[in-house]
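So this block is structure-v4.txt, compact mmCIF, C-alpha atoms:
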# COMPACT_ATOMS: atom_id res chain seq x y z
CA MET X 1 -19.36 -28.36 18.95
CA GLU X 2 -16.19 -28.33 16.85
CA TRP X 3 -14.79 -31.38 15.11
CA GLU X 4 -11.17 -30.53 15.91
CA ARG X 5 -11.92 -30.66 19.65
CA LEU X 6 -14.21 -33.68 19.30
CA LEU X 7 -11.35 -35.64 17.67
CA SER X 8 -8.92 -35.03 20.55
CA LEU X 9 -6.06 -37.50 20.83
CA LYS X 10 -5.36 -36.45 24.43
CA ARG X 11 -5.04 -39.18 27.05
CA GLN X 12 -5.30 -38.98 30.82
CA GLY X 13 -2.09 -37.56 32.29
CA ASP X 14 -0.87 -35.91 29.09
CA THR X 15 1.07 -32.70 29.63
CA HIS X 16 1.24 -31.69 25.98
CA LYS X 17 -1.15 -31.64 23.04
CA ARG X 18 -1.13 -34.63 20.69
CA LEU X 19 -1.39 -33.47 17.09
CA ARG X 20 -2.90 -35.70 14.42
CA LYS X 21 -0.37 -34.67 11.78
CA GLU X 22 2.45 -35.85 14.05
CA GLN X 23 0.97 -39.34 14.54
CA VAL X 24 2.81 -42.41 13.28
CA GLU X 25 0.51 -43.90 10.65
CA THR X 26 1.49 -47.48 11.48
CA ARG X 27 0.49 -47.01 15.12
CA LEU X 28 -2.28 -44.41 15.10
CA GLY X 29 -3.56 -43.31 18.49
CA PHE X 30 -7.19 -44.21 17.82
CA GLU X 31 -6.13 -47.70 16.74
CA VAL X 32 -4.13 -48.05 19.95
CA ASP X 33 -7.44 -47.51 21.77
CA TYR X 34 -8.91 -50.53 20.01
CA ASP X 35 -5.89 -52.68 20.87
CA ARG X 36 -5.95 -51.73 24.54
CA ILE X 37 -9.64 -52.58 24.83
CA ILE X 38 -9.41 -55.95 23.08
CA PHE X 39 -6.48 -57.10 25.23
CA SER X 40 -8.07 -55.99 28.50
CA SER X 41 -9.29 -58.59 31.01
CA ALA X 42 -12.66 -56.82 31.23
CA PHE X 43 -13.22 -57.33 27.51
CA ARG X 44 -12.13 -60.97 27.58
CA SER X 45 -14.68 -61.73 30.30
CA LEU X 46 -17.45 -60.88 27.82
CA GLN X 47 -16.91 -64.29 26.18
CA ASP X 48 -18.90 -65.86 29.05
CA LYS X 49 -21.58 -63.22 29.50
CA THR X 50 -25.05 -63.72 28.09
CA GLN X 51 -26.10 -61.41 25.27
CA VAL X 52 -29.76 -62.47 25.15
CA VAL X 53 -30.09 -66.25 24.98
CA PRO X 54 -27.98 -68.22 27.48
CA MET X 55 -25.52 -70.97 26.63
CA PRO X 56 -25.74 -73.92 26.46
CA ILE X 57 -29.15 -74.20 24.87
CA SER X 58 -31.20 -77.03 23.44
CA VAL X 59 -34.52 -76.23 21.82
CA GLY X 60 -34.71 -79.02 19.31
CA SER X 61 -32.33 -77.36 16.87
CA LYS X 62 -28.99 -78.78 15.74
CA LYS X 63 -27.63 -75.24 15.34
CA ASN X 64 -26.66 -74.31 18.87
CA PHE X 65 -24.48 -71.27 18.24
CA VAL X 66 -25.61 -68.17 20.08
CA HIS X 67 -23.99 -64.77 20.51
CA THR X 68 -22.29 -63.79 23.74
CA ARG X 69 -21.47 -60.23 24.77
CA LEU X 70 -18.03 -60.74 23.22
CA THR X 71 -19.13 -61.88 19.76
CA HIS X 72 -21.82 -59.19 19.77
CA SER X 73 -19.25 -56.51 20.66
CA LEU X 74 -16.88 -57.63 17.91
CA GLU X 75 -19.66 -57.46 15.34
CA VAL X 76 -20.81 -54.04 16.56
CA SER X 77 -17.23 -52.77 16.21
CA VAL X 78 -17.07 -53.98 12.59
CA VAL X 79 -20.35 -52.25 11.73
CA GLY X 80 -19.23 -49.17 13.64
CA ARG X 81 -15.98 -49.00 11.70
CA SER X 82 -17.89 -48.98 8.40
CA LEU X 83 -20.27 -46.29 9.65
CA GLY X 84 -17.38 -44.19 10.92
CA ARG X 85 -15.48 -44.38 7.64
CA VAL X 86 -18.51 -43.35 5.59
CA ALA X 87 -19.24 -40.49 7.98
CA GLY X 88 -15.56 -39.52 7.96
CA GLN X 89 -15.59 -39.06 4.20
CA GLN X 90 -18.68 -36.87 4.50
CA ILE X 91 -17.21 -34.75 7.31
CA LEU X 92 -13.83 -34.21 5.62
CA ALA X 93 -15.60 -33.15 2.43
CA LYS X 94 -17.63 -30.62 4.41
CA TYR X 95 -14.73 -29.41 6.59
CA PRO X 96 -11.59 -29.82 4.40
CA SER X 97 -9.35 -28.01 6.91
CA LEU X 98 -9.60 -31.04 9.21
CA GLN X 99 -7.54 -32.94 6.66
CA GLU X 100 -5.56 -30.17 4.98
CA VAL X 101 -4.49 -28.36 8.17
CA HIS X 102 -4.77 -30.94 10.96
CA GLY X 103 -4.11 -34.15 9.05
CA TYR X 104 -7.21 -36.16 9.93
CA GLN X 105 -8.15 -39.01 7.57
CA PHE X 106 -11.53 -40.67 7.06
CA ASN X 107 -10.18 -43.87 8.62
CA ASP X 108 -9.71 -41.97 11.90
CA PHE X 109 -13.46 -41.70 12.27
CA GLY X 110 -13.81 -45.41 11.62
CA ALA X 111 -11.14 -46.20 14.22
CA ILE X 112 -12.80 -44.03 16.89
CA VAL X 113 -16.26 -45.50 16.33
CA ALA X 114 -14.88 -49.05 16.15
CA ALA X 115 -13.03 -48.67 19.47
CA ALA X 116 -16.00 -47.10 21.25
CA ALA X 117 -18.31 -49.77 19.80
CA LEU X 118 -15.94 -52.54 20.88
CA ALA X 119 -16.20 -51.28 24.47
CA HIS X 120 -19.91 -50.43 24.47
CA ASP X 121 -20.91 -53.47 26.62
CA ILE X 122 -17.71 -53.80 28.64
CA GLY X 123 -19.38 -52.68 31.88
CA ASN X 124 -22.45 -54.91 31.63
CA PRO X 125 -23.11 -57.45 34.42
CA PRO X 126 -23.68 -61.19 33.88
CA PHE X 127 -27.04 -62.78 32.99
CA GLY X 128 -28.08 -60.58 30.12
CA HIS X 129 -30.28 -57.51 30.19
CA SER X 130 -31.61 -58.20 33.70
CA GLY X 131 -28.14 -57.97 35.29
CA GLU X 132 -28.28 -54.22 35.86
CA LYS X 133 -31.84 -54.41 37.19
CA SER X 134 -30.97 -57.17 39.63
CA ILE X 135 -28.13 -55.10 41.12
CA GLY X 136 -30.41 -52.08 41.47
CA ASN X 137 -33.19 -54.22 42.90
CA TYR X 138 -30.93 -55.28 45.77
CA PHE X 139 -30.75 -51.65 46.93
CA VAL X 140 -34.47 -51.01 46.41
CA GLN X 141 -36.13 -54.14 47.76
CA GLY X 142 -33.28 -56.25 49.12
CA ASN X 143 -31.10 -55.80 52.20
CA GLY X 144 -29.20 -53.06 50.37
CA LYS X 145 -32.04 -50.59 51.02
CA HIS X 146 -30.71 -50.19 54.57
CA TYR X 147 -27.69 -48.32 53.21
CA LYS X 148 -29.79 -45.48 51.82
CA SER X 149 -29.40 -43.35 54.97
CA MET X 150 -25.60 -43.58 54.66
CA LEU X 151 -25.51 -42.15 51.14
CA SER X 152 -26.21 -38.90 49.34
CA PRO X 153 -29.19 -38.94 46.94
CA GLU X 154 -26.82 -39.04 43.97
CA GLU X 155 -24.77 -41.89 45.43
CA TYR X 156 -27.87 -43.93 46.22
CA GLN X 157 -29.22 -43.33 42.72
CA ASP X 158 -25.97 -44.66 41.23
CA LEU X 159 -26.73 -47.96 42.98
CA VAL X 160 -30.49 -48.30 42.53
CA ASP X 161 -30.15 -47.54 38.81
CA PHE X 162 -26.82 -49.36 38.40
CA GLU X 163 -25.84 -48.66 34.82
CA GLY X 164 -23.54 -50.70 32.59
CA ASN X 165 -22.56 -47.60 30.61
CA ALA X 166 -21.36 -45.83 33.75
CA ASN X 167 -19.54 -48.96 34.88
CA GLY X 168 -17.91 -49.14 31.46
CA PHE X 169 -16.61 -45.58 31.82
CA LYS X 170 -15.25 -46.54 35.25
CA LEU X 171 -13.54 -49.64 33.90
CA LEU X 172 -11.93 -47.78 31.02
CA THR X 173 -10.67 -44.81 33.05
CA GLU X 174 -10.21 -45.77 36.70
CA SER X 175 -6.68 -45.49 38.06
CA ARG X 176 -5.20 -48.37 40.05
CA GLU X 177 -1.96 -48.56 41.96
CA GLY X 178 0.78 -48.38 39.34
CA VAL X 179 -1.78 -48.00 36.52
CA PRO X 180 -2.83 -44.33 36.30
CA GLY X 181 -5.79 -43.62 34.04
CA GLY X 182 -6.83 -47.22 33.48
CA LEU X 183 -6.55 -48.02 29.76
CA ARG X 184 -5.68 -44.37 28.99
CA LEU X 185 -7.86 -44.14 25.92
CA SER X 186 -8.03 -41.03 23.77
CA TYR X 187 -10.65 -38.51 24.85
CA ALA X 188 -12.23 -38.75 21.40
CA THR X 189 -12.91 -42.47 21.92
CA LEU X 190 -14.15 -41.89 25.47
CA GLY X 191 -16.46 -39.16 24.17
CA ALA X 192 -17.88 -41.43 21.48
CA PHE X 193 -18.32 -44.18 24.11
CA MET X 194 -20.51 -42.01 26.38
CA LYS X 195 -24.07 -42.63 25.18
CA TYR X 196 -25.56 -40.78 28.15
CA PRO X 197 -23.21 -37.98 29.27
CA LYS X 198 -25.03 -37.17 32.50
CA ALA X 199 -25.16 -38.00 36.20
CA SER X 200 -27.73 -40.41 37.67
CA LEU X 201 -29.76 -37.45 38.97
CA PRO X 202 -31.96 -35.90 37.83
CA LYS X 203 -33.46 -39.00 36.27
CA LYS X 204 -34.70 -38.51 32.68
CA PRO X 205 -35.01 -34.70 32.90
CA SER X 206 -36.07 -34.55 29.24
CA LYS X 207 -37.04 -36.76 26.31
CA HIS X 208 -33.68 -36.14 24.62
CA ILE X 209 -31.94 -39.44 23.94
CA ALA X 210 -28.88 -38.28 25.91
CA ASP X 211 -31.08 -38.20 29.05
CA LYS X 212 -32.43 -41.75 28.74
CA LYS X 213 -29.90 -43.23 31.21
CA PHE X 214 -26.68 -41.99 32.82
CA GLY X 215 -23.03 -42.36 31.92
CA PHE X 216 -20.82 -41.95 34.99
CA PHE X 217 -20.84 -42.68 38.71
CA GLN X 218 -20.20 -39.98 41.28
CA SER X 219 -16.76 -41.50 41.86
CA GLU X 220 -15.75 -40.66 38.27
CA GLN X 221 -17.28 -37.18 38.10
CA ALA X 222 -14.01 -35.23 38.16
CA PHE X 223 -12.47 -37.12 35.24
CA PHE X 224 -15.76 -37.13 33.35
CA MET X 225 -15.73 -33.33 33.51
CA GLU X 226 -12.12 -33.26 32.33
CA VAL X 227 -13.04 -35.25 29.21
CA ILE X 228 -16.10 -33.06 28.59
CA GLU X 229 -14.04 -29.87 28.82
CA GLU X 230 -11.38 -31.19 26.45
CA ILE X 231 -13.73 -32.36 23.68
CA GLY X 232 -16.19 -29.49 24.11
CA LEU X 233 -19.55 -31.21 24.54
CA LEU X 234 -22.45 -28.79 24.88
CA LYS X 235 -24.29 -28.37 28.16
CA ASN X 236 -27.76 -29.88 28.08
CA LYS X 237 -29.95 -26.91 28.94
CA LYS X 238 -32.88 -29.22 29.76
CA ASN X 239 -30.87 -30.91 32.51
CA PRO X 240 -30.56 -28.80 35.70
CA GLY X 241 -27.81 -31.12 37.01
CA ILE X 242 -24.65 -32.41 35.39
CA GLY X 243 -25.72 -33.27 31.87
CA PHE X 244 -24.33 -32.73 28.40
CA LEU X 245 -25.30 -33.41 24.80
CA ARG X 246 -23.76 -36.30 22.92
CA HIS X 247 -20.52 -36.52 21.00
CA PRO X 248 -21.69 -36.76 17.36
CA LEU X 249 -19.90 -40.07 16.80
CA THR X 250 -21.89 -41.59 19.66
CA TYR X 251 -24.87 -41.68 17.31
CA LEU X 252 -22.85 -43.97 15.02
CA VAL X 253 -21.83 -46.23 17.91
CA GLU X 254 -25.47 -46.49 18.92
CA ALA X 255 -26.57 -47.18 15.33
CA ALA X 256 -24.02 -50.00 15.04
CA ASP X 257 -25.38 -51.56 18.22
CA ASP X 258 -28.98 -51.11 17.09
CA ILE X 259 -28.25 -52.71 13.72
CA CYS X 260 -26.52 -55.72 15.26
CA TYR X 261 -28.94 -56.51 18.02
CA THR X 262 -31.92 -56.04 15.67
CA ILE X 263 -30.59 -58.39 13.01
CA ILE X 264 -28.28 -60.72 14.95
CA ASP X 265 -30.59 -61.39 17.91
CA PHE X 266 -33.27 -62.15 15.32
CA GLU X 267 -30.90 -64.52 13.51
CA ASP X 268 -30.07 -66.27 16.81
CA GLY X 269 -33.78 -66.79 17.37
CA ILE X 270 -34.10 -68.37 13.93
CA ASN X 271 -31.05 -70.62 14.36
CA LEU X 272 -32.28 -71.82 17.75
CA GLY X 273 -35.75 -72.64 16.52
CA LEU X 274 -37.44 -69.95 18.58
CA ILE X 275 -38.63 -68.16 15.43
CA PRO X 276 -39.99 -70.23 12.51
CA GLU X 277 -37.55 -69.95 9.63
CA GLU X 278 -39.97 -69.30 6.80
CA TYR X 279 -41.82 -66.75 8.91
CA ALA X 280 -38.57 -64.99 9.78
CA LEU X 281 -37.16 -64.88 6.26
CA GLU X 282 -40.26 -62.96 5.20
CA TYR X 283 -39.47 -60.25 7.78
CA LEU X 284 -35.91 -59.90 6.50
CA ILE X 285 -37.05 -59.80 2.88
CA ASN X 286 -39.43 -56.94 3.77
CA LEU X 287 -36.38 -55.03 5.05
CA VAL X 288 -34.13 -55.63 2.04
CA LYS X 289 -36.68 -55.92 -0.79
CA ASP X 290 -35.33 -52.78 -2.51
CA ASN X 291 -31.79 -54.18 -2.59
CA ILE X 292 -32.16 -57.94 -2.92
CA ASN X 293 -30.77 -59.77 -5.94
CA THR X 294 -33.71 -62.09 -6.52
CA LYS X 295 -31.85 -64.16 -9.13
CA LYS X 296 -28.98 -64.82 -6.75
CA TYR X 297 -31.33 -65.51 -3.85
CA SER X 298 -33.41 -68.02 -5.84
CA THR X 299 -30.34 -70.12 -6.65
CA MET X 300 -29.58 -70.76 -2.95
CA SER X 301 -30.84 -74.22 -2.05
CA HIS X 302 -29.77 -74.22 1.62
CA SER X 303 -31.78 -72.22 4.14
CA SER X 304 -28.60 -71.32 6.06
CA ASP X 305 -27.18 -69.68 2.93
CA ARG X 306 -30.41 -67.75 2.36
CA LEU X 307 -30.38 -66.55 5.95
CA SER X 308 -26.72 -65.50 5.79
CA TYR X 309 -27.33 -63.60 2.56
CA LEU X 310 -30.35 -61.77 3.96
CA ARG X 311 -28.54 -60.97 7.20
CA ALA X 312 -25.54 -59.48 5.38
CA LEU X 313 -27.82 -57.53 3.05
CA ALA X 314 -29.92 -56.26 5.96
CA ILE X 315 -26.87 -55.03 7.86
CA ASN X 316 -25.47 -53.31 4.76
CA THR X 317 -28.87 -51.72 4.05
CA LEU X 318 -29.11 -50.31 7.56
CA ILE X 319 -25.50 -49.06 7.52
CA LYS X 320 -26.25 -47.02 4.40
CA ASP X 321 -29.49 -45.77 5.90
CA ALA X 322 -27.87 -44.67 9.18
CA ALA X 323 -25.01 -42.97 7.32
CA GLU X 324 -27.49 -41.04 5.17
CA VAL X 325 -29.42 -39.87 8.24
CA PHE X 326 -26.16 -38.78 9.90
CA GLU X 327 -25.12 -36.80 6.82
CA ARG X 328 -28.51 -35.06 6.52
CA HIS X 329 -28.56 -34.05 10.17
CA GLU X 330 -24.84 -33.48 10.88
CA SER X 331 -25.34 -29.76 11.52
CA GLU X 332 -28.20 -30.41 13.95
CA ILE X 333 -26.12 -33.05 15.72
CA LEU X 334 -23.22 -30.61 16.18
CA LYS X 335 -25.64 -28.07 17.66
CA GLY X 336 -27.19 -30.66 19.97
CA GLU X 337 -30.56 -30.35 18.27
CA PHE X 338 -30.89 -33.98 17.17
CA ASN X 339 -32.63 -35.90 19.95
CA THR X 340 -33.32 -39.42 18.65
CA ALA X 341 -31.40 -42.47 17.46
CA LEU X 342 -30.36 -42.39 13.80
CA LEU X 343 -32.43 -45.42 12.82
CA ASP X 344 -35.54 -43.79 14.30
CA ARG X 345 -35.26 -41.25 11.47
CA GLY X 346 -34.42 -43.79 8.80
CA ARG X 347 -36.41 -45.32 5.96
CA TYR X 348 -36.72 -48.71 7.59
CA LYS X 349 -38.06 -47.89 11.03
CA ALA X 350 -41.33 -49.78 10.45
CA GLN X 351 -39.52 -52.93 9.32
CA ILE X 352 -37.09 -52.70 12.26
CA ASP X 353 -39.99 -52.31 14.69
CA ASP X 354 -41.63 -55.43 13.25
CA ILE X 355 -38.44 -57.48 13.67
CA ILE X 356 -37.87 -56.25 17.24
CA LYS X 357 -41.48 -56.99 18.17
CA LEU X 358 -41.13 -60.57 16.96
CA SER X 359 -37.77 -60.94 18.76
CA VAL X 360 -39.34 -59.73 22.02
CA GLU X 361 -42.20 -62.19 21.73
CA ARG X 362 -40.23 -65.22 20.59
CA VAL X 363 -36.67 -64.68 21.92
CA TYR X 364 -36.45 -62.14 24.76
CA GLN X 365 -39.53 -63.65 26.45
CA SER X 366 -38.64 -67.29 25.75
CA THR X 367 -38.50 -69.79 28.61
CA GLU X 368 -34.70 -70.11 28.32
CA VAL X 369 -34.16 -66.38 28.69
CA ILE X 370 -36.68 -65.91 31.50
CA ASP X 371 -35.29 -68.86 33.48
CA LYS X 372 -31.77 -67.45 33.26
CA GLU X 373 -32.92 -64.00 34.36
CA ILE X 374 -34.81 -65.42 37.34
CA ALA X 375 -31.73 -67.35 38.44
CA GLY X 376 -29.58 -64.28 37.84
CA TYR X 377 -31.66 -62.14 40.18
CA LYS X 378 -31.19 -64.61 43.03
CA ILE X 379 -27.49 -65.22 42.37
CA ILE X 380 -26.60 -61.52 42.14
CA SER X 381 -28.66 -60.62 45.21
CA ASP X 382 -27.04 -63.33 47.34
CA ILE X 383 -23.51 -62.42 46.27
CA LEU X 384 -24.11 -58.72 46.91
CA ASP X 385 -25.65 -59.45 50.30
CA ALA X 386 -22.75 -61.60 51.48
CA TYR X 387 -19.97 -59.26 50.37
CA THR X 388 -21.52 -55.89 51.21
CA GLN X 389 -22.34 -57.02 54.75
CA ALA X 390 -18.86 -58.49 55.25
CA LEU X 391 -17.15 -55.32 53.98
CA ILE X 392 -19.33 -52.85 55.88
CA ARG X 393 -19.04 -54.82 59.14
CA THR X 394 -15.27 -54.92 58.65
CA LYS X 395 -15.28 -51.15 58.18
CA GLU X 396 -17.35 -50.76 61.38
CA GLY X 397 -15.16 -53.14 63.36
CA THR X 398 -17.90 -55.73 63.92
CA ALA X 399 -16.77 -58.37 61.42
CA THR X 400 -17.15 -62.05 62.22
CA ASN X 401 -14.58 -64.65 61.24
CA TYR X 402 -16.84 -65.58 58.30
CA ASP X 403 -16.86 -61.91 57.20
CA ARG X 404 -13.07 -61.83 57.26
CA LEU X 405 -12.91 -65.00 55.17
CA LEU X 406 -15.30 -63.46 52.64
CA VAL X 407 -13.23 -60.27 52.37
CA LYS X 408 -10.06 -62.33 51.82
CA SER X 409 -11.80 -64.20 48.99
CA LEU X 410 -12.29 -60.98 47.04
CA PRO X 411 -9.73 -59.79 44.49
CA GLU X 412 -7.36 -57.39 46.23
CA THR X 413 -8.76 -54.41 44.31
CA TYR X 414 -12.10 -54.76 46.12
CA ARG X 415 -10.92 -55.37 49.72
CA ASN X 416 -10.32 -51.80 50.86
CA THR X 417 -12.63 -51.18 53.83
CA GLU X 418 -11.13 -47.77 54.60
CA ASN X 419 -13.05 -46.27 51.69
CA SER X 420 -16.37 -44.48 52.15
CA VAL X 421 -19.53 -46.57 52.42
CA TYR X 422 -20.50 -45.42 48.93
CA LYS X 423 -17.17 -46.49 47.43
CA ILE X 424 -17.33 -49.88 49.16
CA LEU X 425 -20.86 -50.52 47.92
CA LEU X 426 -20.14 -49.29 44.39
CA ASP X 427 -16.94 -51.32 44.14
CA THR X 428 -18.81 -54.42 45.28
CA CYS X 429 -21.43 -53.83 42.59
CA CYS X 430 -18.65 -53.40 40.03
CA PHE X 431 -17.05 -56.64 41.24
CA VAL X 432 -20.32 -58.50 40.68
CA ALA X 433 -20.72 -56.80 37.30
CA SER X 434 -17.23 -57.96 36.30
CA LEU X 435 -18.12 -61.61 36.81
CA SER X 436 -18.88 -63.87 33.89
CA ASP X 437 -22.06 -65.94 34.09
CA SER X 438 -20.20 -69.10 35.12
CA ALA X 439 -18.00 -67.26 37.64
CA ALA X 440 -21.11 -65.81 39.32
CA VAL X 441 -22.66 -69.30 39.50
CA HIS X 442 -19.41 -70.71 40.94
CA ILE X 443 -19.19 -68.04 43.67
CA HIS X 444 -22.86 -68.46 44.51
CA ASN X 445 -22.42 -72.22 44.87
CA LYS X 446 -19.55 -71.65 47.30
CA LEU X 447 -21.57 -69.18 49.35
CA MET X 448 -24.43 -71.67 49.51
CA GLY X 449 -22.06 -74.45 50.61
CA LYS X 450 -22.66 -76.46 47.44
CA GLN X 451 -19.10 -76.42 46.11
CA LEU X 452 -15.61 -76.55 47.61
Could you render the structure as structure tokens?
Amino acid sequence: MEWERLLSLKRQGDTHKRLRKEQVETRLGFEVDYDRIIFSSAFRSLQDKTQVVPMPISVGSKKNFVHTRLTHSLEVSVVGRSLGRVAGQQILAKYPSLQEVHGYQFNDFGAIVAAAALAHDIGNPPFGHSGEKSIGNYFVQGNGKHYKSMLSPEEYQDLVDFEGNANGFKLLTESREGVPGGLRLSYATLGAFMKYPKASLPKKPSKHIADKKFGFFQSEQAFFMEVIEEIGLLKNKKNPGIGFLRHPLTYLVEAADDICYTIIDFEDGINLGLIPEEYALEYLINLVKDNINTKKYSTMSHSSDRLSYLRALAINTLIKDAAEVFERHESEILKGEFNTALLDRGRYKAQIDDIIKLSVERVYQSTEVIDKEIAGYKIISDILDAYTQALIRTKEGTATNYDRLLVKSLPETYRNTENSVYKILLDTCCFVASLSDSAAVHIHNKLMGKQL
């Protein structure tokens, strides 16, 4: 792969090449990407989507703040920006022509990673990590399994393994009437966003990290290929289907996410009383013991100040570690020969594993989280059942009056029953995925006759 192609400023619909040296520095294209994402309705809806622990929560703690998808995404973008800038300095030093001939600056790398990181969860459904599984479950064990005979294997796989990353790509790029190209982000940012640049089939054809999940639905295949061709991602030779190796900056986006959910989810667990404070501080100290200022730490009398200090130090420690791994393996990454997450090759993998293990036991498997996921399964299944049946029966000409009322209650974007069965089903899944937690509960209450 070549950095000049990977840093493409092209946007969907462009008829001419956008050159970096011709960019207006006060309104740089990669920074425009960030602005378009943050002002989008899809991003704003993340403020009411569960990250891990639902809101409101009461577990005997006076500190009831907990991260949502939105606050998590903002923090990941900040970490990603730092990672991108450090990597940018390294890359420009190694390939000076990028700056001297083409005009790229180290901040460009930070802007690309920050924008991609900001959008990394934009396609995720409500109710936390179980949201995707509950949509897929409807088509495996619920009434949605009856649609299998109407779909190609690839189309059916898109639904049974409904993927927030693929939905995110759809949200960012899908054209609507009067809005061609969706947000029209630069291809460099879209490339960095795509953690899994492959189709839903074949499923996990190799152990390479790019094959872990999938990154686009069949409906977006043509534009996905256009982005791939422009930025020059390498074909994944271990994938007999449509599969490519990652954009190098994707590793930085992933590292930013890994750093934040490792440390911040852990901090949430401490603040909410799910993880004993003294026990937890020991885990963080083990991570930062080589960098901690013991004199400064010992003067802090408030536990909240100690926790904030350790959290900031932990994040900074892991940023440096990830950047060092990226620099050491940059050549392998460009060749597609690096097949794991950056932090899996870092100095602190053992400490990270210990923190994640404790978070799984005390936070991810807590009663509050499990109860929300159970409710989410039922809510999502019921909403999907009502709307898919109404839309398909309308398409077939057998709709009841109730079906017609349901279709009218959908946003106009999702009412088109002249589409293929696959497109109707996928769009309905994407509608459900777009809902905030409270919006999904509200719709479910109406369907159940509990709310006018």
Given the point (-43.2, -61.1, 16.4) in the coordinates of this file, which residues lie within 12 Å, counting only C-alpha atoms, and how would they look as a PyMOL selection string? chain X and resi 266+269-270+274-276+279-280+282-283+351-365
Kindly give the distance, in Å, that separates atom CA of X:His67 and atom CA of X:Gly273, rounded to a single decimal.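 Separation of atom CA of X:His67 and atom CA of X:Gly273: 14.7 Å.
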Atom pair atom CA of X:Tyr138 / atom CA of X:Ile379: separation (Å): 11.1 Å
Between atom CA of X:His129 and atom CA of X:Gln218, measure the distance and give it in Å to one decimal.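 Those two atoms sit 23.1 Å apart.
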So that I can check the surroundings of X:Gln389, please list as JSON, numbers by chain every protein, DNA and RNA residue that reaches within 10 Å of it, counting all atoms listed in the file and ignoring chain neighbours fewer than 6 positions away. {"X": [143, 144, 395, 399, 403, 406, 407, 425]}
Counting all atoms listed in the file, which residues sit no farther than 10 Å from the position (-22.1, -28.8, 29.2) in the file's frame? I'd like them as a VMD selection string. chain X and resid 197 to 198 225 228 to 229 232 to 237 239 241 to 246
Which is closer to X:Gly142 than all the others in X:Ile122, X:Ala433, X:Ile315, X:Ile383, using all atoms listed in the file?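 When distances to X:Gly142 are compared using all atoms listed in the file, the smallest one comes from X:Ile383.
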Any idea what's packed within 12 Å of X:Tyr196, counting all atoms listed in the file, ignoring anything in its chain fewer than 6 positions away? Could you give it as an mmCIF file with C-alpha atoms, in the frame of the given file?
data_model
loop_
_atom_site.group_PDB
_atom_site.id
_atom_site.type_symbol
_atom_site.label_atom_id
_atom_site.label_comp_id
_atom_site.auth_asym_id
_atom_site.auth_seq_id
_atom_site.Cartn_x
_atom_site.Cartn_y
_atom_site.Cartn_z
ATOM 1 C CA HIS X 120 -19.910 -50.430 24.470
ATOM 2 C CA GLU X 163 -25.840 -48.660 34.820
ATOM 3 C CA GLY X 164 -23.540 -50.700 32.590
ATOM 4 C CA ASN X 165 -22.560 -47.600 30.610
ATOM 5 C CA ALA X 166 -21.360 -45.830 33.750
ATOM 6 C CA GLY X 168 -17.910 -49.140 31.460
ATOM 7 C CA PHE X 169 -16.610 -45.580 31.820
ATOM 8 C CA LEU X 190 -14.150 -41.890 25.470
ATOM 9 C CA LYS X 203 -33.460 -39.000 36.270
ATOM 10 C CA LYS X 204 -34.700 -38.510 32.680
ATOM 11 C CA HIS X 208 -33.680 -36.140 24.620
ATOM 12 C CA ILE X 209 -31.940 -39.440 23.940
ATOM 13 C CA ALA X 210 -28.880 -38.280 25.910
ATOM 14 C CA ASP X 211 -31.080 -38.200 29.050
ATOM 15 C CA LYS X 212 -32.430 -41.750 28.740
ATOM 16 C CA LYS X 213 -29.900 -43.230 31.210
ATOM 17 C CA PHE X 214 -26.680 -41.990 32.820
ATOM 18 C CA GLY X 215 -23.030 -42.360 31.920
ATOM 19 C CA PHE X 216 -20.820 -41.950 34.990
ATOM 20 C CA PHE X 217 -20.840 -42.680 38.710
ATOM 21 C CA PHE X 224 -15.760 -37.130 33.350
ATOM 22 C CA LEU X 233 -19.550 -31.210 24.540
ATOM 23 C CA ASN X 236 -27.760 -29.880 28.080
ATOM 24 C CA ILE X 242 -24.650 -32.410 35.390
ATOM 25 C CA GLY X 243 -25.720 -33.270 31.870
ATOM 26 C CA PHE X 244 -24.330 -32.730 28.400
ATOM 27 C CA LEU X 245 -25.300 -33.410 24.800
ATOM 28 C CA ARG X 246 -23.760 -36.300 22.920
ATOM 29 C CA HIS X 247 -20.520 -36.520 21.000
ATOM 30 C CA THR X 250 -21.890 -41.590 19.660
ATOM 31 C CA TYR X 251 -24.870 -41.680 17.310
ATOM 32 C CA GLU X 254 -25.470 -46.490 18.920
ATOM 33 C CA ASN X 339 -32.630 -35.900 19.950
#
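Closest approach to X:Phe106 from the set X:Ala350, X:Ala341, X:Ala42, X:Leu7 is made by X:Leu7, with distances taken over all atoms listed in the file.
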Counting all atoms listed in the file, the residue of X:Arg44, X:Lys378, X:Lys450, X:His444 that sits nearest X:Lys133: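 So, comparing all the options, the nearest one is X:Lys378.
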Nearby residues (all atoms listed in the file) at most 9 Å from X:Arg415, same-chain spacing under 6 positions excluded, as a ChimeraX atom specification: /X:391,407-409,424
Output C-alpha atoms for every residue in the selection just made, as a short mmCIF file (atom, residue, chain, number, x, y, z; two decimals), keeping the file's coordinate frame.
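Below you can see selection_36.cif, which holds the result:
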data_model
loop_
_atom_site.label_atom_id
_atom_site.label_comp_id
_atom_site.auth_asym_id
_atom_site.auth_seq_id
_atom_site.Cartn_x
_atom_site.Cartn_y
_atom_site.Cartn_z
CA LEU X 391 -17.15 -55.32 53.98
CA VAL X 407 -13.23 -60.27 52.37
CA LYS X 408 -10.06 -62.33 51.82
CA SER X 409 -11.80 -64.20 48.99
CA ILE X 424 -17.33 -49.88 49.16
#
Do you know which residues are at most 10 Å from stretch 293-307 of chain X counting all atoms listed in the file, after dropping those on the same chain fewer than 6 positions away, and could you put them as a count of residues only? 10
